[in-house]
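A.B. asks: Just so it is clear, I am handing over run36.cif, which has mmCIF, C-alpha atoms.
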data_data
#
loop_
_atom_site.label_atom_id
_atom_site.label_comp_id
_atom_site.auth_asym_id
_atom_site.auth_seq_id
_atom_site.Cartn_x
_atom_site.Cartn_y
_atom_site.Cartn_z
CA MET A 1 -96.15 -47.06 24.06
CA HIS A 2 -99.82 -47.06 23.11
CA ASP A 3 -101.98 -50.16 22.74
CA CYS A 4 -104.34 -49.65 19.78
CA GLY A 5 -106.43 -52.74 20.51
CA CYS A 6 -107.73 -55.23 17.98
CA VAL A 7 -110.79 -53.44 16.55
CA ARG A 8 -108.99 -51.28 13.96
CA GLY A 9 -105.59 -51.53 12.32
CA LEU A 10 -102.58 -49.41 13.23
CA GLY A 11 -103.12 -47.39 10.06
CA TYR A 12 -106.36 -46.03 11.53
CA PHE A 13 -104.30 -44.37 14.29
CA ILE A 14 -101.15 -43.51 12.35
CA GLU A 15 -102.79 -41.66 9.46
CA PRO A 16 -104.25 -38.80 11.56
CA LEU A 17 -101.08 -38.70 13.68
CA LEU A 18 -99.02 -38.03 10.55
CA ALA A 19 -101.05 -34.90 9.80
CA ILE A 20 -101.56 -33.57 13.34
CA ALA A 21 -98.06 -34.15 14.73
CA LEU A 22 -96.52 -32.11 11.89
CA PHE A 23 -97.68 -28.96 13.66
CA ALA A 24 -96.67 -30.00 17.17
CA LYS A 25 -94.12 -28.10 19.25
CA SER A 26 -91.54 -30.88 19.10
CA ASP A 27 -90.88 -34.04 17.13
CA LEU A 28 -92.93 -37.12 18.00
CA THR A 29 -91.66 -40.65 18.61
CA VAL A 30 -94.26 -43.20 19.63
CA THR A 31 -94.52 -47.00 19.81
CA LEU A 32 -97.85 -48.47 18.75
CA ARG A 33 -99.09 -52.03 19.20
CA GLY A 34 -101.97 -53.72 17.42
CA LEU A 35 -102.94 -55.09 14.01
CA THR A 36 -100.43 -54.17 11.31
CA ASN A 37 -102.51 -55.26 8.30
CA VAL A 38 -106.31 -55.05 8.19
CA GLY A 39 -108.52 -54.89 5.13
CA SER A 40 -110.45 -51.81 6.34
CA ASP A 41 -107.37 -49.65 7.13
CA ILE A 42 -104.10 -48.75 5.42
CA GLY A 43 -101.39 -51.30 6.18
CA VAL A 44 -98.03 -50.40 7.65
CA ASP A 45 -96.16 -51.32 4.45
CA ILE A 46 -98.25 -48.86 2.42
CA LEU A 47 -97.76 -46.19 5.09
CA ARG A 48 -94.01 -46.60 4.86
CA SER A 49 -93.63 -46.84 1.09
CA VAL A 50 -96.44 -44.56 -0.19
CA THR A 51 -97.87 -42.31 2.53
CA MET A 52 -94.58 -40.98 3.84
CA PRO A 53 -93.14 -40.14 0.39
CA LEU A 54 -96.34 -38.17 -0.24
CA PHE A 55 -95.39 -35.78 2.58
CA LYS A 56 -92.14 -34.93 0.78
CA LYS A 57 -94.16 -33.32 -2.00
CA PHE A 58 -95.65 -30.98 0.60
CA GLY A 59 -92.29 -29.83 1.95
CA LEU A 60 -91.31 -32.44 4.55
CA GLU A 61 -87.89 -33.49 3.31
CA ASP A 62 -86.58 -35.90 5.93
CA GLY A 63 -87.09 -37.35 9.39
CA MET A 64 -90.39 -39.23 9.01
CA ARG A 65 -89.84 -42.94 9.60
CA LEU A 66 -91.87 -46.04 10.40
CA GLN A 67 -90.07 -49.09 11.73
CA ILE A 68 -91.95 -52.40 11.71
CA VAL A 69 -90.79 -54.31 14.78
CA ARG A 70 -93.30 -57.16 14.70
CA ARG A 71 -96.25 -58.17 12.53
CA GLY A 72 -99.74 -58.61 13.92
CA ALA A 73 -102.46 -60.41 11.94
CA PRO A 74 -106.18 -60.11 12.68
CA PRO A 75 -108.15 -60.76 14.74
CA THR A 76 -105.92 -60.68 17.85
CA GLY A 77 -102.41 -60.01 16.54
CA ARG A 78 -100.00 -57.97 18.64
CA GLY A 79 -97.84 -56.22 16.08
CA GLU A 80 -95.54 -53.35 16.97
CA VAL A 81 -94.21 -50.33 15.08
CA ILE A 82 -92.09 -47.29 16.02
CA LEU A 83 -93.22 -44.03 14.43
CA ASN A 84 -91.06 -40.88 14.11
CA ILE A 85 -92.71 -37.66 12.93
CA PRO A 86 -90.78 -34.37 12.63
CA THR A 87 -92.41 -30.95 12.82
CA VAL A 88 -92.66 -28.33 10.08
CA ARG A 89 -93.21 -24.60 10.05
CA SER A 90 -95.59 -24.68 7.09
CA LEU A 91 -96.49 -26.81 4.09
CA ARG A 92 -95.75 -26.27 0.42
CA THR A 93 -98.05 -25.53 -2.49
CA VAL A 94 -98.31 -28.50 -4.86
CA HIS A 95 -99.26 -28.94 -8.49
CA LEU A 96 -99.57 -32.69 -8.94
CA THR A 97 -101.38 -33.15 -12.23
CA ASP A 98 -99.16 -35.44 -14.30
CA PRO A 99 -98.87 -39.00 -12.96
CA GLY A 100 -96.50 -40.16 -15.69
CA ARG A 101 -96.19 -43.79 -16.77
CA VAL A 102 -95.72 -46.78 -14.51
CA LYS A 103 -92.12 -47.98 -14.66
CA ARG A 104 -92.04 -50.65 -11.95
CA VAL A 105 -94.08 -52.47 -9.32
CA ARG A 106 -92.78 -53.43 -5.91
CA GLY A 107 -94.51 -55.27 -3.12
CA VAL A 108 -94.31 -57.03 0.22
CA ALA A 109 -95.98 -60.36 0.94
CA TYR A 110 -95.96 -61.19 4.62
CA GLY A 111 -97.05 -64.22 6.57
CA THR A 112 -97.13 -65.01 10.27
CA LYS A 113 -97.32 -68.61 11.49
CA VAL A 114 -97.97 -69.87 7.95
CA SER A 115 -95.86 -71.93 5.59
CA SER A 116 -93.51 -70.06 3.26
CA GLN A 117 -95.14 -71.97 0.39
CA ILE A 118 -98.40 -70.10 1.00
CA VAL A 119 -96.60 -66.76 0.75
CA ASN A 120 -94.85 -67.90 -2.45
CA ARG A 121 -98.23 -68.86 -3.96
CA LEU A 122 -99.44 -65.39 -3.04
CA VAL A 123 -96.53 -63.81 -4.91
CA ASP A 124 -96.90 -66.05 -7.97
CA ALA A 125 -100.60 -65.26 -8.32
CA ALA A 126 -100.01 -61.50 -8.22
CA ARG A 127 -97.05 -61.69 -10.59
CA MET A 128 -99.08 -63.76 -13.06
CA VAL A 129 -101.60 -60.90 -13.36
CA LEU A 130 -99.10 -58.01 -13.42
CA SER A 131 -96.60 -59.58 -15.83
CA HIS A 132 -99.08 -59.12 -18.69
CA TYR A 133 -98.68 -55.34 -18.36
CA ILE A 134 -95.20 -54.59 -16.97
CA PRO A 135 -92.06 -56.74 -16.79
CA ASP A 136 -90.41 -55.02 -13.81
CA VAL A 137 -92.28 -56.66 -10.92
CA TRP A 138 -90.53 -57.59 -7.70
CA ILE A 139 -92.32 -58.74 -4.55
CA TYR A 140 -90.42 -59.34 -1.31
CA THR A 141 -91.49 -61.99 1.18
CA ASP A 142 -91.53 -61.60 4.95
CA VAL A 143 -92.36 -64.80 6.83
CA SER A 144 -92.17 -64.94 10.61
CA PHE A 145 -93.19 -67.44 13.26
CA GLU A 146 -94.23 -65.44 16.32
CA LYS A 147 -95.02 -67.31 19.52
CA ASP A 148 -98.18 -65.32 20.16
CA GLY A 149 -100.99 -64.24 17.87
CA PRO A 150 -103.00 -65.86 15.08
CA ALA A 151 -101.83 -66.96 11.66
CA GLY A 152 -102.35 -64.65 8.70
CA TYR A 153 -100.91 -63.27 5.49
CA ALA A 154 -101.35 -60.24 3.23
CA LEU A 155 -99.95 -58.60 0.12
CA SER A 156 -99.11 -54.92 -0.42
CA LEU A 157 -98.27 -53.63 -3.92
CA VAL A 158 -96.88 -50.24 -5.01
CA ALA A 159 -96.61 -48.94 -8.58
CA GLU A 160 -94.00 -46.21 -9.13
CA THR A 161 -94.31 -43.88 -12.12
CA THR A 162 -91.76 -41.90 -14.12
CA ASN A 163 -92.84 -38.73 -12.25
CA ALA A 164 -92.20 -40.26 -8.79
CA CYS A 165 -95.85 -40.89 -8.05
CA PHE A 166 -96.83 -43.93 -6.01
CA LEU A 167 -100.08 -45.89 -6.33
CA SER A 168 -100.84 -48.68 -3.87
CA ALA A 169 -103.17 -51.60 -3.31
CA GLU A 170 -103.33 -54.34 -0.72
CA ALA A 171 -105.32 -57.42 0.16
CA VAL A 172 -105.52 -59.26 3.47
CA ALA A 173 -106.41 -62.94 3.85
CA SER A 174 -109.70 -63.86 5.51
CA SER A 175 -110.94 -67.17 6.88
CA ASP A 176 -112.38 -68.31 3.53
CA SER A 177 -109.73 -66.97 1.15
CA THR A 178 -106.85 -68.71 -0.59
CA ALA A 179 -103.39 -67.42 -1.32
CA GLU A 180 -104.21 -67.21 -5.03
CA SER A 181 -107.38 -65.19 -4.46
CA VAL A 182 -105.56 -62.70 -2.22
CA GLY A 183 -102.76 -62.23 -4.74
CA ILE A 184 -105.14 -61.76 -7.66
CA ALA A 185 -107.28 -59.33 -5.63
CA ALA A 186 -104.30 -57.11 -4.75
CA ALA A 187 -102.98 -57.10 -8.34
CA SER A 188 -106.42 -56.36 -9.80
CA GLN A 189 -106.95 -53.50 -7.38
CA LEU A 190 -103.57 -52.01 -8.30
CA LEU A 191 -104.43 -52.15 -12.01
CA GLU A 192 -107.72 -50.39 -11.25
CA GLU A 193 -105.88 -47.61 -9.39
CA ILE A 194 -103.54 -47.16 -12.36
CA PHE A 195 -106.49 -47.06 -14.76
CA GLN A 196 -108.10 -44.26 -12.73
CA GLY A 197 -105.30 -41.94 -13.89
CA GLY A 198 -104.59 -40.12 -10.62
CA VAL A 199 -101.24 -39.18 -9.09
CA ILE A 200 -102.38 -40.84 -5.83
CA ASP A 201 -104.56 -43.85 -5.12
CA SER A 202 -108.05 -43.66 -3.65
CA ALA A 203 -106.90 -44.55 -0.12
CA HIS A 204 -104.73 -41.40 0.08
CA GLN A 205 -107.24 -38.92 -1.33
CA PRO A 206 -108.50 -37.52 2.03
CA LEU A 207 -104.97 -37.11 3.41
CA ALA A 208 -103.67 -35.32 0.32
CA LEU A 209 -106.71 -33.01 0.25
CA MET A 210 -106.20 -32.17 3.92
CA LEU A 211 -102.55 -31.24 3.32
CA MET A 212 -103.65 -29.02 0.43
CA THR A 213 -106.21 -27.32 2.66
CA PHE A 214 -103.67 -26.48 5.36
CA GLY A 215 -101.10 -25.29 2.82
CA PRO A 216 -100.15 -21.70 1.92
CA GLN A 217 -102.72 -19.18 0.73
CA ASP A 218 -102.11 -20.17 -2.86
CA VAL A 219 -103.85 -22.51 -5.27
CA SER A 220 -102.80 -26.16 -5.17
CA ARG A 221 -103.89 -28.70 -7.78
CA LEU A 222 -104.19 -32.46 -7.52
CA ARG A 223 -105.24 -35.04 -10.10
CA ILE A 224 -107.14 -38.00 -8.67
CA GLY A 225 -109.20 -40.84 -10.05
CA ALA A 226 -112.84 -41.28 -9.12
CA PRO A 227 -113.36 -39.41 -5.81
CA SER A 228 -113.73 -41.91 -2.97
CA GLY A 229 -116.46 -41.72 -0.35
CA PRO A 230 -114.11 -40.47 2.41
CA ALA A 231 -112.73 -37.82 0.04
CA ILE A 232 -116.23 -36.52 -0.71
CA TRP A 233 -117.06 -36.37 2.98
CA PHE A 234 -113.82 -34.49 3.63
CA LEU A 235 -114.60 -31.90 0.95
CA ARG A 236 -117.99 -31.30 2.54
CA ASN A 237 -116.59 -31.00 6.07
CA VAL A 238 -113.70 -28.72 5.12
CA GLY A 239 -116.17 -26.33 3.52
CA THR A 240 -118.29 -26.34 6.68
CA PHE A 241 -115.52 -25.91 9.26
CA LEU A 242 -112.81 -23.97 7.40
CA GLY A 243 -114.76 -22.27 4.64
CA VAL A 244 -112.52 -23.81 1.99
CA HIS A 245 -114.35 -24.70 -1.21
CA CYS A 246 -112.51 -26.77 -3.78
CA GLN A 247 -112.98 -26.58 -7.52
CA ILE A 248 -113.63 -29.99 -9.09
CA LEU A 249 -112.73 -30.27 -12.78
CA PRO A 250 -113.48 -33.63 -14.48
CA ASP A 251 -111.09 -34.57 -17.28
CA SER A 252 -112.96 -36.45 -19.98
CA SER A 253 -109.75 -37.54 -21.73
CA ASP A 254 -108.87 -40.14 -19.09
CA ASN A 255 -111.84 -40.04 -16.68
CA SER A 256 -109.70 -38.48 -13.94
CA THR A 257 -110.52 -35.42 -11.86
CA ILE A 258 -108.47 -32.32 -11.03
CA ILE A 259 -109.19 -30.74 -7.65
CA ALA A 260 -107.97 -27.20 -7.00
CA CYS A 261 -108.21 -25.29 -3.74
CA ARG A 262 -106.61 -22.37 -1.94
CA GLY A 263 -105.05 -23.22 1.40
CA VAL A 264 -105.79 -21.47 4.67
CA GLY A 265 -102.11 -20.60 5.23
CA PHE A 266 -101.81 -22.58 8.46
CA SER A 267 -98.39 -22.34 10.15
CA ASN A 268 -96.83 -23.91 13.21
CA SER A 269 -96.36 -21.11 15.74
CA GLY A 270 -94.50 -23.47 18.08
CA LYS A 271 -91.66 -24.07 15.61
CA ARG A 272 -89.09 -21.38 15.04
CA SER A 273 -88.14 -20.50 11.49
CA ILE A 274 -84.44 -20.36 10.66
#
Reformat the file's structure so that it appears as structure tokens.

C.D. replies:
Amino acid sequence: MHDCGCVRGLGYFIEPLLAIALFAKSDLTVTLRGLTNVGSDIGVDILRSVTMPLFKKFGLEDGMRLQIVRRGAPPTGRGEVILNIPTVRSLRTVHLTDPGRVKRVRGVAYGTKVSSQIVNRLVDAARMVLSHYIPDVWIYTDVSFEKDGPAGYALSLVAETTNACFLSAEAVASSDSTAESVGIAAASQLLEEIFQGGVIDSAHQPLALMLMTFGPQDVSRLRIGAPSGPAIWFLRNVGTFLGVHCQILPDSSDNSTIIACRGVGFSNSGKRSI
């Protein structure tokens, strides 16, 4: 068990673990405690429903799981998750350039030590925005009354396309926000991610680019929306440390961007191939 503290969310620690532990000698199982949903880091619901399916496109078929034991809201929440990460020998070349069309939207609205009516208002506000564009919208509610920790609520939304691409957005309540404002913010952010035209959302750009970089010595292609700040920094650093230079091709038809790069052919020497 590792205590992640209350400065950053659990997503800040889990995201690098997902990439590093893939090339470990043995599978990893770890229990983490801290804040499950924070505005500055990826929430645990997005990690489970969007981040982990992304690894399947790079060759990790099964075994990666994230179990949410207890929620933890900022600023001093004590949430808990159990993370299982299997190892791989090597990654797969990807050509993710066609996002397809959005066919449904799913989401999770959680609340700790708050009335269920607040969470329902959160859901209604998000559904009011999304129902103008797609009829298949379903948002689950998760309300708990923990003895310890502060009150809080958040909303995570995921849009699934016809080509099995997942785009996510989330919003976390602050001291001066209302349930309606949080719901509208999450729905508006999701619509913006869809409008960008990428096969992944902006929060997952650095992770996807890193997996491409460590892939086989073949060209991988990825369509993204507007490159995020962390993605730009990653492209600069990977050129400095690994000598990998990506080709950036803007697509004027939908304002998206195709990034192509050749992987370094990294393989896990500690894992035997069958």

A.B. asks: On this structure, which residues satisfy the PyMOL selection byres ((chain A and resi 89-106) around 8), written as a count of residues only?

C.D. replies: 48

A.B. asks: Per residue of range 159-231 of chain A within 9 Å of range 38-43 of chain A, what are the shortest atom pair and its distance in Å to one decimal, counting all atoms listed in the file, with rows by chain and residue number, as CSV?

C.D. replies:
residue,atom,partner,partner_atom,distance
A:Glu170,CA,A:Gly43,CA,7.8
A:Ala171,CA,A:Gly39,CA,6.4
A:Val172,CA,A:Gly39,CA,5.6
A:Ala173,CA,A:Gly39,CA,8.4
A:Ala203,CA,A:Ile42,CA,7.5

A.B. asks: Out of A:Ile224, A:Leu35, A:Met52, A:Ile200, which residue has the shortest atom-to-atom distance to Arg70 in chain A when counting only C-alpha atoms?

C.D. replies: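 For Arg70 in chain A, the nearest of the given residues is A:Leu35.
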
A.B. asks: Could you list the residues chosen by the PyMOL selection byres ((chain A and resi 250) around 12) in this structure as a PyMOL selection string?

C.D. replies: chain A and resi 197-198+222-227+247-249+251-260

A.B. asks: Given the choices A:Ile85, A:Leu28, A:Met210, A:Val44, which gets closest to Glu61 in chain A if the distance is worked out from only C-alpha atoms?

C.D. replies: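 Of all the options, A:Ile85 lies closest to Glu61 in chain A.
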
A.B. asks: Need to verify the contact set: range 115-117 of chain A, 10 Å, all atoms listed in the file, exclusion of same-chain residues closer than 2 positions in sequence. Can you return it as a count of residues only?

C.D. replies: 16

A.B. asks: I'd like the neighbourhood of Glu193 in chain A as a list in words, where a residue qualifies if any of its atoms comes within 8 Å (using only C-alpha atoms), though same-chain residues fewer than 2 positions away should be ignored.

C.D. replies: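 Skipping anything fewer than 2 positions along the chain leaves Leu167, Ser168, Ala169, Gln189, Leu190, Leu191, Phe195, Gln196, Gly197, Gly198, Asp201, Ser202 and Gly225 of chain A.
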
A.B. asks: To test your reading of the syntax: which residues would the PyMOL selection byres ((chain A and resi 244) around 8) return for the file shown? Reply as a list in words.

C.D. replies: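 Expected selection for the PyMOL selection byres ((chain A and resi 244) around 8) here is Thr213, Val238, Gly239, Thr240, Leu242, Gly243, His245, Cys246, Cys261, Arg262, Gly263 and Val264 of chain A.
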
A.B. asks: For Met128 in chain A, find every residue with an atom within 10 Å (counting only C-alpha atoms), except residues of its own chain fewer than 6 positions away, and show them as a PDB file with C-alpha atoms, in the coordinates of the input.

C.D. replies:
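Heads up, here's the output in part.pdb:
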ATOM      1  CA  GLY A 183    -102.760 -62.230  -4.740  1.00  0.00           C
ATOM      2  CA  ILE A 184    -105.140 -61.760  -7.660  1.00  0.00           C
ATOM      3  CA  ALA A 187    -102.980 -57.100  -8.340  1.00  0.00           C
TER       4      ALA A 187
END

A.B. asks: Any chance you could model all heavy atoms for range 170-181 of chain A and send them as a tab-separated table (two decimals), in the frame of the given file?

C.D. replies:
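Result file is rebuild.tsv:
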chain	number	residue	atom	x	y	z
A	170	GLU	N	-103.66	-53.24	-1.62
A	170	GLU	CA	-103.33	-54.34	-0.72
A	170	GLU	C	-104.55	-55.21	-0.50
A	170	GLU	O	-105.69	-54.79	-0.66
A	170	GLU	CB	-102.79	-53.80	0.62
A	170	GLU	CG	-103.71	-52.86	1.35
A	170	GLU	CD	-103.06	-52.29	2.60
A	170	GLU	OE1	-102.17	-52.96	3.15
A	170	GLU	OE2	-103.44	-51.18	3.02
A	171	ALA	N	-104.27	-56.44	-0.14
A	171	ALA	CA	-105.32	-57.42	0.16
A	171	ALA	C	-104.87	-58.26	1.34
A	171	ALA	O	-103.70	-58.65	1.43
A	171	ALA	CB	-105.61	-58.30	-1.05
A	172	VAL	N	-105.81	-58.51	2.25
A	172	VAL	CA	-105.52	-59.26	3.47
A	172	VAL	C	-106.34	-60.54	3.46
A	172	VAL	O	-107.53	-60.54	3.08
A	172	VAL	CB	-105.86	-58.43	4.72
A	172	VAL	CG1	-105.52	-59.20	6.00
A	172	VAL	CG2	-105.11	-57.11	4.69
A	173	ALA	N	-105.73	-61.65	3.85
A	173	ALA	CA	-106.41	-62.94	3.85
A	173	ALA	C	-107.51	-62.97	4.91
A	173	ALA	O	-107.35	-62.42	6.00
A	173	ALA	CB	-105.41	-64.06	4.10
A	174	SER	N	-108.61	-63.62	4.57
A	174	SER	CA	-109.70	-63.86	5.51
A	174	SER	C	-109.82	-65.36	5.74
A	174	SER	O	-109.05	-66.16	5.19
A	174	SER	CB	-111.02	-63.28	4.97
A	174	SER	OG	-111.35	-63.88	3.73
A	175	SER	N	-110.81	-65.76	6.52
A	175	SER	CA	-110.94	-67.17	6.88
A	175	SER	C	-111.29	-68.06	5.69
A	175	SER	O	-110.98	-69.24	5.69
A	175	SER	CB	-112.01	-67.32	7.97
A	175	SER	OG	-113.26	-66.80	7.52
A	176	ASP	N	-111.95	-67.50	4.67
A	176	ASP	CA	-112.38	-68.31	3.53
A	176	ASP	C	-111.62	-68.00	2.25
A	176	ASP	O	-112.07	-68.37	1.17
A	176	ASP	CB	-113.88	-68.11	3.29
A	176	ASP	CG	-114.23	-66.65	3.05
A	176	ASP	OD1	-113.37	-65.78	3.30
A	176	ASP	OD2	-115.36	-66.36	2.59
A	177	SER	N	-110.49	-67.33	2.34
A	177	SER	CA	-109.73	-66.97	1.15
A	177	SER	C	-108.54	-67.91	0.96
A	177	SER	O	-108.08	-68.56	1.90
A	177	SER	CB	-109.23	-65.52	1.26
A	177	SER	OG	-108.38	-65.36	2.37
A	178	THR	N	-108.05	-67.95	-0.26
A	178	THR	CA	-106.85	-68.71	-0.59
A	178	THR	C	-105.73	-67.75	-0.95
A	178	THR	O	-105.96	-66.56	-1.19
A	178	THR	CB	-107.11	-69.66	-1.76
A	178	THR	OG1	-107.44	-68.88	-2.94
A	178	THR	CG2	-108.27	-70.60	-1.45
A	179	ALA	N	-104.52	-68.26	-0.97
A	179	ALA	CA	-103.39	-67.42	-1.32
A	179	ALA	C	-103.53	-66.86	-2.73
A	179	ALA	O	-103.20	-65.70	-2.99
A	179	ALA	CB	-102.09	-68.23	-1.20
A	180	GLU	N	-104.03	-67.68	-3.65
A	180	GLU	CA	-104.21	-67.21	-5.03
A	180	GLU	C	-105.23	-66.09	-5.13
A	180	GLU	O	-105.04	-65.11	-5.85
A	180	GLU	CB	-104.62	-68.38	-5.93
A	180	GLU	CG	-103.51	-69.38	-6.22
A	180	GLU	CD	-103.24	-70.32	-5.05
A	180	GLU	OE1	-104.06	-70.34	-4.11
A	180	GLU	OE2	-102.22	-71.03	-5.08
A	181	SER	N	-106.34	-66.22	-4.40
A	181	SER	CA	-107.38	-65.19	-4.46
A	181	SER	C	-106.89	-63.87	-3.88
A	181	SER	O	-107.23	-62.79	-4.37
A	181	SER	CB	-108.63	-65.67	-3.73
A	181	SER	OG	-108.38	-65.86	-2.34
